[in-house]
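J.: Structure file model.txt (compact mmCIF, C-alpha atoms) right here:
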# COMPACT_ATOMS: atom_id res chain seq x y z
CA MET A 1 -25.00 -29.91 -32.57
CA MET A 2 -25.66 -33.48 -33.70
CA LYS A 3 -22.15 -34.47 -32.55
CA LEU A 4 -22.84 -33.08 -29.07
CA LEU A 5 -26.10 -34.99 -28.86
CA LEU A 6 -24.35 -38.23 -29.80
CA ILE A 7 -21.69 -37.67 -27.16
CA PHE A 8 -24.39 -36.95 -24.56
CA ALA A 9 -26.33 -40.06 -25.53
CA ALA A 10 -23.22 -42.21 -25.34
CA THR A 11 -22.35 -40.83 -21.91
CA LEU A 12 -25.90 -41.39 -20.66
CA THR A 13 -25.81 -44.99 -21.91
CA VAL A 14 -22.58 -45.68 -20.00
CA VAL A 15 -24.02 -44.24 -16.81
CA LEU A 16 -27.26 -46.17 -17.08
CA SER A 17 -25.59 -49.47 -17.88
CA GLY A 18 -23.06 -49.33 -15.07
CA SER A 19 -19.44 -50.40 -15.41
CA VAL A 20 -17.28 -53.51 -15.29
CA ASP A 21 -13.86 -53.69 -13.65
CA PRO A 22 -11.42 -54.55 -16.46
CA SER A 23 -9.58 -57.02 -14.20
CA LEU A 24 -12.83 -58.94 -13.76
CA THR A 25 -13.40 -59.09 -17.51
CA LYS A 26 -9.86 -60.35 -18.05
CA GLY A 27 -10.23 -62.96 -15.31
CA VAL A 28 -13.50 -64.27 -16.72
CA ASP A 29 -12.06 -64.35 -20.22
CA LEU A 30 -9.09 -66.42 -19.03
CA GLY A 31 -11.32 -68.73 -17.01
CA LEU A 32 -9.77 -67.55 -13.74
CA ASN A 33 -12.96 -65.95 -12.40
CA THR A 34 -16.56 -67.09 -12.48
CA VAL A 35 -17.64 -65.13 -9.40
CA ALA A 36 -18.20 -61.39 -9.06
CA ILE A 37 -19.70 -58.75 -6.81
CA LEU A 38 -22.41 -56.56 -8.30
CA GLU A 39 -22.24 -53.41 -6.21
CA LEU A 40 -25.16 -50.98 -6.24
CA PRO A 41 -25.34 -47.46 -4.76
CA GLN A 42 -25.40 -47.72 -1.00
CA ILE A 43 -28.44 -46.66 0.99
CA VAL A 44 -26.80 -45.53 4.22
CA GLY A 45 -27.94 -41.98 3.69
CA GLN A 46 -31.58 -43.07 3.74
CA LEU A 47 -31.06 -44.68 7.14
CA GLU A 48 -29.36 -41.63 8.59
CA THR A 49 -32.32 -39.44 7.60
CA ASN A 50 -34.97 -41.91 8.76
CA GLN A 51 -36.52 -40.03 11.69
CA ALA A 52 -38.72 -42.94 12.79
CA LEU A 53 -35.66 -45.17 13.09
CA GLN A 54 -33.79 -42.59 15.16
CA THR A 55 -36.55 -42.52 17.80
CA LEU A 56 -36.32 -46.27 18.49
CA PHE A 57 -34.01 -48.15 20.83
CA GLY A 58 -32.83 -51.69 21.52
CA ASP A 59 -34.49 -54.64 19.84
CA ALA A 60 -37.25 -52.51 18.32
CA LYS A 61 -34.69 -50.31 16.56
CA VAL A 62 -32.69 -53.29 15.29
CA ALA A 63 -35.82 -55.04 13.97
CA THR A 64 -36.86 -51.88 12.12
CA LEU A 65 -33.32 -51.35 10.87
CA VAL A 66 -33.11 -54.85 9.41
CA ALA A 67 -36.57 -54.65 7.84
CA THR A 68 -35.75 -51.26 6.29
CA LEU A 69 -32.43 -52.47 4.89
CA LYS A 70 -34.01 -55.60 3.46
CA GLY A 71 -36.82 -53.62 1.84
CA LEU A 72 -34.57 -51.01 0.26
CA THR A 73 -31.93 -53.43 -1.01
CA SER A 74 -34.51 -55.90 -2.31
CA ALA A 75 -36.16 -53.18 -4.41
CA ALA A 76 -32.83 -51.94 -5.75
CA GLN A 77 -31.57 -55.42 -6.57
CA ALA A 78 -34.76 -56.75 -8.19
CA PRO A 79 -33.92 -55.92 -11.86
CA PHE A 80 -30.51 -57.58 -11.56
CA VAL A 81 -31.97 -60.65 -9.86
CA SER A 82 -34.36 -61.05 -12.79
CA ILE A 83 -31.62 -60.74 -15.42
CA ALA A 84 -29.33 -63.11 -13.51
CA ALA A 85 -32.09 -65.71 -13.34
CA SER A 86 -32.69 -65.46 -17.08
CA LEU A 87 -28.98 -66.10 -17.64
CA GLY A 88 -28.93 -69.11 -15.34
CA LEU A 89 -26.58 -67.40 -12.88
CA GLU A 90 -26.54 -68.30 -9.21
CA ILE A 91 -26.76 -65.31 -6.87
CA GLU A 92 -26.64 -64.45 -3.19
CA GLN A 93 -28.33 -61.22 -2.12
CA TYR A 94 -27.21 -59.19 0.88
CA TRP A 95 -28.97 -56.46 2.79
CA ILE A 96 -26.41 -54.98 5.17
CA SER A 97 -24.51 -53.81 2.09
CA ASN A 98 -26.27 -53.27 -1.22
CA VAL A 99 -24.39 -55.94 -3.17
CA ILE A 100 -25.12 -59.24 -4.92
CA LEU A 101 -22.72 -62.14 -5.24
CA VAL A 102 -22.94 -63.54 -8.77
CA LYS A 103 -21.71 -67.07 -9.60
CA GLY A 104 -21.27 -68.96 -12.86
CA LEU A 105 -20.10 -66.11 -15.05
CA THR A 106 -18.89 -66.51 -18.61
CA LEU A 107 -17.72 -63.69 -20.81
CA GLU A 108 -21.05 -63.68 -22.68
CA LYS A 109 -23.13 -63.67 -19.49
CA LEU A 110 -20.98 -60.94 -18.00
CA ASP A 111 -21.52 -58.82 -21.09
CA THR A 112 -25.30 -59.31 -20.97
CA LEU A 113 -25.49 -58.60 -17.23
CA SER A 114 -23.38 -55.46 -17.63
CA LYS A 115 -25.98 -54.00 -20.02
CA THR A 116 -28.70 -54.00 -17.34
CA PRO A 117 -29.97 -50.43 -16.91
CA GLY A 118 -28.93 -48.79 -13.68
CA GLU A 119 -25.97 -47.48 -11.71
CA PHE A 120 -23.68 -50.29 -10.56
CA ILE A 121 -20.23 -51.79 -10.85
CA LEU A 122 -19.32 -55.42 -11.49
CA ARG A 123 -15.99 -56.28 -9.87
CA LYS A 124 -13.99 -59.01 -8.21
CA GLN A 125 -14.90 -59.64 -4.60
CA HIS A 126 -12.43 -58.39 -2.01
CA ILE A 127 -10.20 -60.84 -0.15
CA VAL A 128 -8.82 -60.11 3.32
CA THR A 129 -6.32 -61.88 5.56
CA ILE A 130 -5.79 -62.17 9.28
CA ASP A 131 -3.17 -59.83 10.72
CA HIS A 132 0.05 -61.76 10.28
CA ILE A 133 2.06 -62.90 13.29
CA ARG A 134 5.34 -61.09 13.92
CA SER A 135 6.93 -63.73 16.17
CA GLY A 136 6.93 -67.49 16.67
CA ARG A 137 4.42 -69.50 18.64
CA GLU A 138 5.30 -71.00 21.99
CA GLU A 139 3.25 -73.97 23.15
CA ILE A 140 2.66 -73.90 26.88
CA SER A 141 1.54 -76.96 28.80
CA ASN A 142 -1.79 -76.83 30.53
CA ASN A 143 -0.05 -77.80 33.74
CA LEU A 144 2.55 -75.03 33.60
CA THR A 145 2.13 -72.19 36.10
CA VAL A 146 1.87 -68.88 34.27
CA GLN A 147 1.75 -65.24 35.29
CA ASN A 148 -1.63 -64.19 36.68
CA PRO A 149 -2.73 -61.68 35.55
CA GLN A 150 -0.88 -61.54 32.24
CA TRP A 151 1.30 -58.51 31.66
CA GLY A 152 -1.08 -56.93 29.15
CA VAL A 153 -4.07 -57.33 31.44
CA ALA A 154 -2.12 -55.80 34.30
CA LYS A 155 -0.74 -53.00 32.13
CA ILE A 156 -4.22 -51.72 31.25
CA ARG A 157 -5.17 -52.12 34.95
CA ALA A 158 -8.08 -54.43 34.22
CA PRO A 159 -7.93 -56.16 37.65
CA GLU A 160 -8.74 -52.84 39.31
CA ALA A 161 -12.07 -52.82 37.46
CA TRP A 162 -12.97 -56.43 38.22
CA ASN A 163 -14.37 -55.48 41.62
CA LEU A 164 -16.99 -53.49 39.73
CA THR A 165 -17.51 -55.79 36.76
CA THR A 166 -15.75 -58.49 34.77
CA GLY A 167 -18.10 -57.95 31.84
CA GLU A 168 -21.15 -59.81 33.13
CA ASN A 169 -24.10 -59.69 30.70
CA ALA A 170 -21.94 -58.19 27.95
CA VAL A 171 -21.67 -60.07 24.66
CA VAL A 172 -18.71 -59.88 22.27
CA GLY A 173 -18.92 -60.98 18.62
CA PHE A 174 -15.88 -62.49 16.89
CA ILE A 175 -15.39 -62.62 13.12
CA ASP A 176 -12.24 -64.59 12.54
CA THR A 177 -11.01 -68.13 11.80
CA GLY A 178 -13.44 -69.52 14.38
CA VAL A 179 -13.20 -70.29 18.08
CA ASN A 180 -11.94 -73.47 19.70
CA ILE A 181 -14.95 -74.24 21.86
CA GLY A 182 -13.22 -77.43 22.99
CA HIS A 183 -10.66 -75.40 24.91
CA VAL A 184 -11.25 -75.60 28.64
CA ALA A 185 -10.97 -71.81 29.01
CA LEU A 186 -13.27 -70.90 26.10
CA SER A 187 -16.19 -73.28 26.54
CA ASP A 188 -17.96 -71.52 29.42
CA GLY A 189 -18.20 -68.12 27.74
CA TYR A 190 -19.95 -69.34 24.59
CA ALA A 191 -23.42 -67.77 24.32
CA GLY A 192 -24.76 -70.28 21.79
CA ALA A 193 -24.78 -68.34 18.49
CA TRP A 194 -22.47 -69.49 15.69
CA MET A 195 -22.29 -69.28 11.91
CA ASP A 196 -19.86 -70.93 9.47
CA PRO A 197 -20.08 -69.74 5.84
CA TYR A 198 -17.16 -71.96 4.79
CA TYR A 199 -17.60 -75.42 6.31
CA ASN A 200 -21.08 -75.27 7.86
CA THR A 201 -19.95 -76.76 11.17
CA PRO A 202 -22.75 -76.94 13.77
CA THR A 203 -20.63 -75.58 16.64
CA PRO A 204 -17.55 -73.35 16.83
CA THR A 205 -14.22 -74.83 15.73
CA ASP A 206 -10.86 -73.30 14.88
CA VAL A 207 -8.20 -75.21 12.97
CA GLN A 208 -6.05 -72.16 12.21
CA GLY A 209 -5.95 -70.82 15.79
CA HIS A 210 -6.01 -67.06 15.16
CA GLY A 211 -9.64 -66.64 16.19
CA SER A 212 -9.19 -68.59 19.43
CA PHE A 213 -6.18 -66.47 20.30
CA ILE A 214 -8.17 -63.26 19.77
CA ALA A 215 -11.19 -64.53 21.69
CA GLY A 216 -9.03 -65.71 24.55
CA ILE A 217 -7.59 -62.27 25.24
CA VAL A 218 -11.11 -60.94 25.72
CA VAL A 219 -13.02 -63.70 27.52
CA VAL A 220 -10.71 -66.52 28.71
CA ARG A 221 -11.53 -67.40 32.31
CA ALA A 222 -8.14 -68.84 33.32
CA ASN A 223 -4.54 -67.80 33.99
CA GLY A 224 -5.34 -64.09 34.06
CA ILE A 225 -5.57 -63.95 30.25
CA GLY A 226 -9.00 -62.46 29.59
CA VAL A 227 -9.58 -58.73 30.04
CA ALA A 228 -13.34 -59.28 30.49
CA PRO A 229 -13.58 -62.87 31.76
CA GLY A 230 -17.22 -62.45 32.73
CA ALA A 231 -18.36 -61.59 29.22
CA GLN A 232 -19.95 -64.05 26.82
CA TYR A 233 -19.25 -64.40 23.11
CA ILE A 234 -20.77 -65.41 19.80
CA ALA A 235 -18.76 -66.04 16.63
CA CYS A 236 -18.81 -66.36 12.86
CA ARG A 237 -16.07 -67.86 10.72
CA GLY A 238 -15.16 -64.95 8.48
CA MET A 239 -11.77 -66.40 7.51
CA ASN A 240 -11.09 -69.93 6.31
CA ASN A 241 -8.61 -72.44 7.74
CA GLN A 242 -5.82 -70.78 5.76
CA GLY A 243 -6.51 -67.38 7.29
CA SER A 244 -8.06 -65.60 4.31
CA GLY A 245 -11.62 -64.37 3.97
CA THR A 246 -13.91 -63.52 1.08
CA GLU A 247 -16.06 -60.43 0.95
CA ALA A 248 -19.16 -62.61 0.71
CA ALA A 249 -18.33 -64.54 3.88
CA LEU A 250 -17.54 -61.36 5.78
CA ILE A 251 -20.86 -59.81 4.74
CA GLN A 252 -22.69 -62.93 5.91
CA CYS A 253 -20.90 -62.68 9.24
CA ALA A 254 -21.68 -58.98 9.49
CA GLU A 255 -25.39 -59.65 8.97
CA PHE A 256 -25.23 -62.45 11.52
CA MET A 257 -23.86 -60.08 14.16
CA VAL A 258 -26.92 -57.86 13.77
CA THR A 259 -29.54 -60.62 13.82
CA ALA A 260 -27.99 -63.14 16.24
CA THR A 261 -29.44 -63.94 19.64
CA PRO A 262 -27.82 -62.69 21.76
CA ARG A 263 -26.66 -59.70 19.78
CA PRO A 264 -23.14 -58.47 20.59
CA GLN A 265 -22.42 -54.96 21.78
CA VAL A 266 -18.90 -54.94 20.36
CA VAL A 267 -17.15 -56.75 17.48
CA PRO A 268 -13.31 -56.80 17.51
CA ASN A 269 -11.57 -57.51 14.21
CA ALA A 270 -7.95 -58.49 13.59
CA TRP A 271 -7.96 -58.69 9.81
CA GLY A 272 -7.76 -56.39 6.81
CA GLY A 273 -5.97 -55.69 3.58
CA ALA A 274 -8.75 -54.85 1.10
CA SER A 275 -8.56 -51.16 0.29
CA GLY A 276 -11.51 -48.90 -0.35
CA ALA A 277 -14.74 -48.10 1.45
CA TRP A 278 -16.54 -51.39 0.75
CA PHE A 279 -16.98 -52.14 4.48
CA GLU A 280 -18.34 -48.68 5.37
CA PRO A 281 -22.06 -49.56 4.88
CA ILE A 282 -21.60 -52.46 7.29
CA ILE A 283 -19.96 -50.25 9.88
CA SER A 284 -22.83 -47.78 9.61
CA ALA A 285 -25.38 -50.57 10.07
CA TRP A 286 -23.51 -51.93 13.08
CA ARG A 287 -23.41 -48.54 14.72
CA SER A 288 -27.13 -48.05 14.06
CA ALA A 289 -27.70 -51.40 15.76
CA GLY A 290 -25.65 -50.35 18.79
CA ILE A 291 -22.63 -52.48 17.90
CA ILE A 292 -19.18 -50.96 18.45
CA PRO A 293 -16.81 -51.65 15.51
CA LEU A 294 -13.22 -52.17 16.64
CA PHE A 295 -10.26 -53.01 14.37
CA ALA A 296 -6.59 -53.71 14.88
CA ILE A 297 -4.70 -51.41 12.52
CA GLY A 298 -2.28 -54.08 11.25
CA ASN A 299 1.30 -55.22 11.64
CA SER A 300 3.06 -53.52 8.74
CA GLY A 301 5.05 -50.90 10.68
CA PRO A 302 7.14 -49.02 11.47
CA ASN A 303 6.65 -46.71 8.47
CA CYS A 304 3.88 -44.11 8.38
CA GLY A 305 0.77 -44.67 6.29
CA THR A 306 0.80 -48.46 6.74
CA ILE A 307 -2.61 -48.94 8.38
CA SER A 308 -4.80 -51.45 6.57
CA ALA A 309 -8.51 -51.01 5.89
CA PRO A 310 -11.04 -51.16 7.48
CA GLY A 311 -8.93 -50.18 10.52
CA SER A 312 -7.86 -47.04 8.69
CA HIS A 313 -11.40 -45.64 8.49
CA ALA A 314 -12.60 -42.79 10.66
CA SER A 315 -15.80 -44.61 11.60
CA VAL A 316 -14.08 -47.43 13.51
CA ILE A 317 -11.96 -47.62 16.63
CA GLY A 318 -8.44 -48.47 15.49
CA ALA A 319 -5.95 -49.99 17.93
CA ALA A 320 -2.15 -50.12 17.65
CA ALA A 321 0.12 -52.58 19.48
CA THR A 322 2.46 -51.75 22.37
CA SER A 323 5.19 -53.64 24.19
CA ASP A 324 5.60 -54.20 27.93
CA THR A 325 7.60 -50.95 28.10
CA ASP A 326 4.57 -48.98 26.88
CA ALA A 327 6.30 -48.21 23.59
CA VAL A 328 4.50 -48.69 20.29
CA ALA A 329 5.67 -52.04 18.90
CA THR A 330 8.02 -51.71 15.94
CA PHE A 331 5.82 -54.00 13.86
CA SER A 332 2.63 -52.06 14.57
CA SER A 333 1.25 -50.10 11.62
CA ARG A 334 1.24 -46.30 11.76
CA GLY A 335 -1.17 -43.64 10.62
CA PRO A 336 -2.54 -41.55 9.19
CA GLY A 337 -5.66 -43.41 8.19
CA ALA A 338 -7.90 -43.04 5.14
CA GLY A 339 -8.11 -39.45 3.93
CA GLY A 340 -5.48 -38.32 6.44
CA VAL A 341 -7.60 -39.11 9.51
CA LEU A 342 -5.69 -39.36 12.78
CA LYS A 343 -5.04 -43.02 13.62
CA PRO A 344 -4.70 -45.07 15.75
CA ASP A 345 -7.40 -44.18 18.28
CA PHE A 346 -5.87 -46.32 21.01
CA ALA A 347 -2.73 -48.35 21.64
CA ALA A 348 -2.80 -51.51 23.75
CA PRO A 349 -0.60 -54.53 24.56
CA GLY A 350 0.17 -56.59 21.47
CA SER A 351 3.66 -58.04 21.93
CA ASN A 352 4.39 -61.42 23.53
CA ILE A 353 0.78 -62.04 24.48
CA LEU A 354 -0.43 -65.32 25.96
CA SER A 355 -3.81 -66.75 24.97
CA ALA A 356 -5.72 -69.93 24.13
CA GLY A 357 -4.47 -72.43 21.56
CA THR A 358 -6.13 -75.03 19.36
CA GLY A 359 -5.88 -77.91 21.83
CA ALA A 360 -8.07 -78.81 24.79
CA GLY A 361 -5.96 -76.86 27.26
CA ASN A 362 -2.85 -75.46 25.60
CA TYR A 363 -1.76 -71.84 25.43
CA VAL A 364 0.36 -69.95 22.93
CA THR A 365 2.37 -66.75 22.94
CA MET A 366 2.22 -64.43 19.93
CA SER A 367 3.18 -60.92 18.93
CA GLY A 368 0.98 -58.90 16.62
CA ASN A 369 -2.51 -59.95 17.65
CA GLY A 370 -3.22 -58.52 21.07
CA ALA A 371 -3.95 -54.81 20.72
CA GLY A 372 -7.47 -55.09 19.33
CA PRO A 373 -8.76 -57.66 21.82
CA HIS A 374 -7.14 -55.87 24.78
CA THR A 375 -9.00 -52.73 23.74
CA ASP A 376 -12.15 -54.73 23.09
CA GLY A 377 -11.93 -56.32 26.51
CA VAL A 378 -12.04 -52.88 28.08
CA TYR A 379 -15.22 -52.13 26.12
CA GLY A 380 -16.54 -55.56 27.12
CA ARG A 381 -16.31 -54.53 30.74
CA GLU A 382 -17.71 -51.05 30.24
CA ILE A 383 -20.78 -52.13 28.26
CA SER A 384 -21.99 -54.48 30.95
CA PRO A 385 -25.66 -53.37 31.17
CA GLN A 386 -25.83 -53.01 34.94
CA HIS A 387 -22.85 -50.65 34.82
CA GLY A 388 -23.83 -48.46 31.91
CA PHE A 389 -23.23 -48.38 28.17
CA VAL A 390 -20.32 -46.76 26.39
CA LYS A 391 -21.66 -44.95 23.36
CA PHE A 392 -19.26 -44.52 20.42
CA GLU A 393 -19.82 -41.39 18.40
What would the structure in this file look like if it were written as C-alpha cells?
T.:
Amino acid sequence: MMKLLLIFAATLTVVLSGSVDPSLTKGVDLGLNTVAILELPQIVGQLETNQALQTLFGDAKVATLVATLKGLTSAAQAPFVSIAASLGLEIEQYWISNVILVKGLTLEKLDTLSKTPGEFILRKQHIVTIDHIRSGREEISNNLTVQNPQWGVAKIRAPEAWNLTTGENAVVGFIDTGVNIGHVALSDGYAGAWMDPYYNTPTPTDVQGHGSFIAGIVVVRANGIGVAPGAQYIACRGMNNQGSGTEAALIQCAEFMVTATPRPQVVPNAWGGASGAWFEPIISAWRSAGIIPLFAIGNSGPNCGTISAPGSHASVIGAAATSDTDAVATFSSRGPGAGGVLKPDFAAPGSNILSAGTGAGNYVTMSGNGAGPHTDGVYGREISPQHGFVKFE
C-alpha cells in the first residue's frame, strides 16, 4: 500500500511540475541554447464556449476576443512570470497562444523554472522556413513588355471577375520576409500597417524577395500580375533576411494581424516545416476574428504525405501548385494532411509565375511560390465588403 502511495505521489509531482524537452536541457547544458518556449495549456476551448463572444460581430467581437485572450493568458502565466523575474530571466508574454518566450537560461535556472507547479512544457522554439524555390530566378527589365494578364491570372479567370470587383476595400495580411514597398507596383496598395520583429524597420522592406513575390501575385497593379489588384495590404516580417522564422516572431506577427488597423480579412502564408499543432491556437483566434487562414502546402512532392505544417491542418485552407497545363506540379507536396485529413483543399497556378522583385521596378519568375497567393487573390476579390463576405467554416 505504501509503495502505491509513493508511486502516486511521484506521478502527481511530475504532472504538477510540468516537463522539459530533453533536447532543450542538452542544448542549455552545452551552451547552445539560452532561449526556450514555456507552453501552457491552450484556452481555445474557453473561447469556443463563450456565448457572449459568439453574439458579437466586427470590431466589437475582435476587441472582446483580444481582451478575453489577454485576461485568460495573463492569469495562467502569472506564476511563471514571477518565478522568471526572481531568476533574472527575460521574458516575452503572448496572448494569441498561451506561451512565454524565456531568455537567458542556464542549466540551474532551467531546473528551478521547471519545478514551478502547474501543467506546462519547456521546449525549444519552433523554426520555420519559406517554401523553397524549385526553379531559377529570371530578372525581367521594367521596360520589357510582358503578357497581360499573366497565365496564372488568366487560368483562374480572374479578369472575368474584375468587372464586378478587383478587391476594392479588401485587406490582405502578409507574414513573410517583408514587402518591397519601393517597388513601383507595390507602393500604391500599402494600407499603412507594418511590423518588423527582426530589424525594427519603420516601413516595409524586403531584402530576401520572397515576401514581395508573394504579395505581388495578390495585389500588384501592373502587367496583369495581381489577382486582386484593387485590394490593399498590410505586412509583418515573420521571416528574416535568410528566409527562416522563429516561433516568437511568427506569434508577434499573428497578434499584429488581429490588432492592426486596418485588419486583414485573409492572411496567405508560404512557409512551414515545424511539425505539431503549435499554430492551431493562432488559427482559431484568426478565425474568431474573421480572418481566413490560407497556407501553401509546400514544395516537397511528388510523394504522398509530404505536406508541411501548418498547411497540413484541417483548420486552414491548403493550396497545391499547378502548371499551365492544369496538372499538379511535380514539386508540389501531396496529402493526406495531419491525421489523414484530405489535402489540398485547392490547387492553383504555381509554376513559372511572374511577380515583383526587390528592385524599384524589376520582375522575377519563380516556380513553387504561386499557388497560395493565387488562391488568396480569389478570396481577396470575394471578400470585398460591397460584394459580400466569404465565410470559411
J.: Applying 12 Å and all atoms listed in the file, which residues near Thr205 (chain A) remain after dropping the ones on its own chain fewer than 3 positions away? List them as a PyMOL selection string.
T.: chain A and resi 176-183+186-187+190+194-196+198-202+208-212+235-237+240-241+357-360
J.: Ranking A:Asp188, A:Glu168, A:Asp345, A:Glu92 by minimum distance to Leu294 (chain A) and counting only C-alpha atoms, which one comes first?
T.: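 That would be A:Asp345, the residue with the smallest distance to Leu294 (chain A).
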J.: Quick check, in Å to one decimal: how far apart do CA of Asn352 (chain A) and CA of Val220 (chain A) lie?
T.: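 We find that CA of Asn352 (chain A) and CA of Val220 (chain A) lie 16.8 Å from each other.
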J.: Can you work out the spacing between CA of Pro79 (chain A) and CA of Ala248 (chain A) in Å, to one decimal?
T.: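 Separation of CA of Pro79 (chain A) and CA of Ala248 (chain A): 20.5 Å.
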J.: Nearest residue to Phe331 (chain A) out of A:Tyr233, A:Asp131, A:Ala161, A:Leu47, using only C-alpha atoms?
T.: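 Ranked by minimum distance to Phe331 (chain A), first place goes to A:Asp131.
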J.: Closest to Ser355 (chain A) among A:Asn269, A:Ser244, A:Ser19, A:Asn223, using all atoms listed in the file?
T.: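 Among the listed residues, the smallest separation from Ser355 (chain A) belongs to A:Asn223.
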J.: CA of Gly243 (chain A) to CA of Leu89 (chain A): how many Å, to one decimal?
T.: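 CA of Leu89 (chain A) lies 28.5 Å from CA of Gly243 (chain A).
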J.: What lies within 10 Å of Ser74 (chain A) using all atoms listed in the file, ignoring chain neighbours under 4 positions off, as an MDAnalysis selection string?
T.: chainID A and resid 68:70 78:79 81 93:95 98
J.: Excluding Ile83 (chain A) and any residue of its chain fewer than 2 positions from it, enumerate the residues within 10 Å of it, using all atoms listed in the file, and give them as a list in words.
T.: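 Residues meeting the cut-off are Ala78, Pro79, Phe80, Val81, Ala85, Ser86, Leu87, Gly88, Leu89, Lys109, Thr112, Leu113, Lys115 and Thr116 of chain A.
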J.: Under the rule that only C-alpha atoms are counted, which of A:Cys253, A:Ala319, A:Gly216, A:Asp326 is the nearest residue to Thr365 (chain A)?
T.: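 Looking at the shortest contact to Thr365 (chain A), the residue is A:Gly216.
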J.: Find the residue from A:Val207, A:Ile214, A:Ala191, A:Ala309 that sits nearest to Gly337 (chain A); use all atoms listed in the file when measuring.
T.: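 Of the candidates, the smallest distance to Gly337 (chain A) is held by A:Ala309.
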J.: Using all atoms listed in the file, can you tell me which of A:Ala329, A:Leu105, A:Met366, A:Val316 comes closest to Gly27 (chain A)?
T.: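 Using all atoms listed in the file, Gly27 (chain A) sits closest to A:Leu105.
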J.: Please write as a list of chain:residue names the list of polymer residues whose atoms come within 9 Å of (-19.3, -59.9, -9.6), counting all atoms listed in the file and keeping to the coordinates of the file.
T.: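 Applying the cut-off with all atoms listed in the file, one gets A:Val20, A:Leu24, A:Thr34, A:Val35, A:Ala36, A:Ile37, A:Leu38, A:Glu39, A:Ile100, A:Leu101, A:Val102, A:Lys103, A:Leu105, A:Leu110, A:Ile121, A:Leu122, A:Arg123, A:Lys124, A:Gln125.
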J.: Dig up all the protein and nucleic acid residues within 12 Å of (-16.7, -59.9, 12.7) in the file frame, using all atoms listed in the file, and format them as a PDB file with C-alpha atoms, keeping the file's coordinate frame.
T.:
ATOM      1  CA  ILE A 130      -5.790 -62.170   9.280  1.00  0.00           C
ATOM      2  CA  VAL A 172     -18.710 -59.880  22.270  1.00  0.00           C
ATOM      3  CA  GLY A 173     -18.920 -60.980  18.620  1.00  0.00           C
ATOM      4  CA  PHE A 174     -15.880 -62.490  16.890  1.00  0.00           C
ATOM      5  CA  ILE A 175     -15.390 -62.620  13.120  1.00  0.00           C
ATOM      6  CA  ASP A 176     -12.240 -64.590  12.540  1.00  0.00           C
ATOM      7  CA  THR A 177     -11.010 -68.130  11.800  1.00  0.00           C
ATOM      8  CA  GLY A 178     -13.440 -69.520  14.380  1.00  0.00           C
ATOM      9  CA  TRP A 194     -22.470 -69.490  15.690  1.00  0.00           C
ATOM     10  CA  MET A 195     -22.290 -69.280  11.910  1.00  0.00           C
ATOM     11  CA  ASP A 196     -19.860 -70.930   9.470  1.00  0.00           C
ATOM     12  CA  GLY A 211      -9.640 -66.640  16.190  1.00  0.00           C
ATOM     13  CA  ILE A 214      -8.170 -63.260  19.770  1.00  0.00           C
ATOM     14  CA  ALA A 215     -11.190 -64.530  21.690  1.00  0.00           C
ATOM     15  CA  TYR A 233     -19.250 -64.400  23.110  1.00  0.00           C
ATOM     16  CA  ILE A 234     -20.770 -65.410  19.800  1.00  0.00           C
ATOM     17  CA  ALA A 235     -18.760 -66.040  16.630  1.00  0.00           C
ATOM     18  CA  CYS A 236     -18.810 -66.360  12.860  1.00  0.00           C
ATOM     19  CA  ARG A 237     -16.070 -67.860  10.720  1.00  0.00           C
ATOM     20  CA  GLY A 238     -15.160 -64.950   8.480  1.00  0.00           C
ATOM     21  CA  MET A 239     -11.770 -66.400   7.510  1.00  0.00           C
ATOM     22  CA  GLY A 245     -11.620 -64.370   3.970  1.00  0.00           C
ATOM     23  CA  GLU A 247     -16.060 -60.430   0.950  1.00  0.00           C
ATOM     24  CA  ALA A 249     -18.330 -64.540   3.880  1.00  0.00           C
ATOM     25  CA  LEU A 250     -17.540 -61.360   5.780  1.00  0.00           C
ATOM     26  CA  ILE A 251     -20.860 -59.810   4.740  1.00  0.00           C
ATOM     27  CA  GLN A 252     -22.690 -62.930   5.910  1.00  0.00           C
ATOM     28  CA  CYS A 253     -20.900 -62.680   9.240  1.00  0.00           C
ATOM     29  CA  ALA A 254     -21.680 -58.980   9.490  1.00  0.00           C
ATOM     30  CA  GLU A 255     -25.390 -59.650   8.970  1.00  0.00           C
ATOM     31  CA  PHE A 256     -25.230 -62.450  11.520  1.00  0.00           C
ATOM     32  CA  MET A 257     -23.860 -60.080  14.160  1.00  0.00           C
ATOM     33  CA  VAL A 258     -26.920 -57.860  13.770  1.00  0.00           C
ATOM     34  CA  PRO A 264     -23.140 -58.470  20.590  1.00  0.00           C
ATOM     35  CA  GLN A 265     -22.420 -54.960  21.780  1.00  0.00           C
ATOM     36  CA  VAL A 266     -18.900 -54.940  20.360  1.00  0.00           C
ATOM     37  CA  VAL A 267     -17.150 -56.750  17.480  1.00  0.00           C
ATOM     38  CA  PRO A 268     -13.310 -56.800  17.510  1.00  0.00           C
ATOM     39  CA  ASN A 269     -11.570 -57.510  14.210  1.00  0.00           C
ATOM     40  CA  ALA A 270      -7.950 -58.490  13.590  1.00  0.00           C
ATOM     41  CA  TRP A 271      -7.960 -58.690   9.810  1.00  0.00           C
ATOM     42  CA  GLY A 272      -7.760 -56.390   6.810  1.00  0.00           C
ATOM     43  CA  PHE A 279     -16.980 -52.140   4.480  1.00  0.00           C
ATOM     44  CA  ILE A 282     -21.600 -52.460   7.290  1.00  0.00           C
ATOM     45  CA  ILE A 283     -19.960 -50.250   9.880  1.00  0.00           C
ATOM     46  CA  TRP A 286     -23.510 -51.930  13.080  1.00  0.00           C
ATOM     47  CA  ILE A 291     -22.630 -52.480  17.900  1.00  0.00           C
ATOM     48  CA  ILE A 292     -19.180 -50.960  18.450  1.00  0.00           C
ATOM     49  CA  PRO A 293     -16.810 -51.650  15.510  1.00  0.00           C
ATOM     50  CA  LEU A 294     -13.220 -52.170  16.640  1.00  0.00           C
ATOM     51  CA  PHE A 295     -10.260 -53.010  14.370  1.00  0.00           C
ATOM     52  CA  PRO A 310     -11.040 -51.160   7.480  1.00  0.00           C
TER      53      PRO A 310
END
J.: Just the residues within 6 Å of Ala321 (chain A), please, counting only C-alpha atoms, with nothing from its chain fewer than 5 positions along; format it as a compact mmCIF listing (two decimals) with C-alpha atoms, in the coordinates of the input.
T.:
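Saved result, selection24.txt, follows:
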# COMPACT_ATOMS: atom_id res chain seq x y z
CA VAL A 328 4.50 -48.69 20.29
CA ALA A 329 5.67 -52.04 18.90
CA SER A 332 2.63 -52.06 14.57
CA ALA A 347 -2.73 -48.35 21.64
CA ALA A 348 -2.80 -51.51 23.75
CA PRO A 349 -0.60 -54.53 24.56
CA GLY A 350 0.17 -56.59 21.47
CA ALA A 371 -3.95 -54.81 20.72
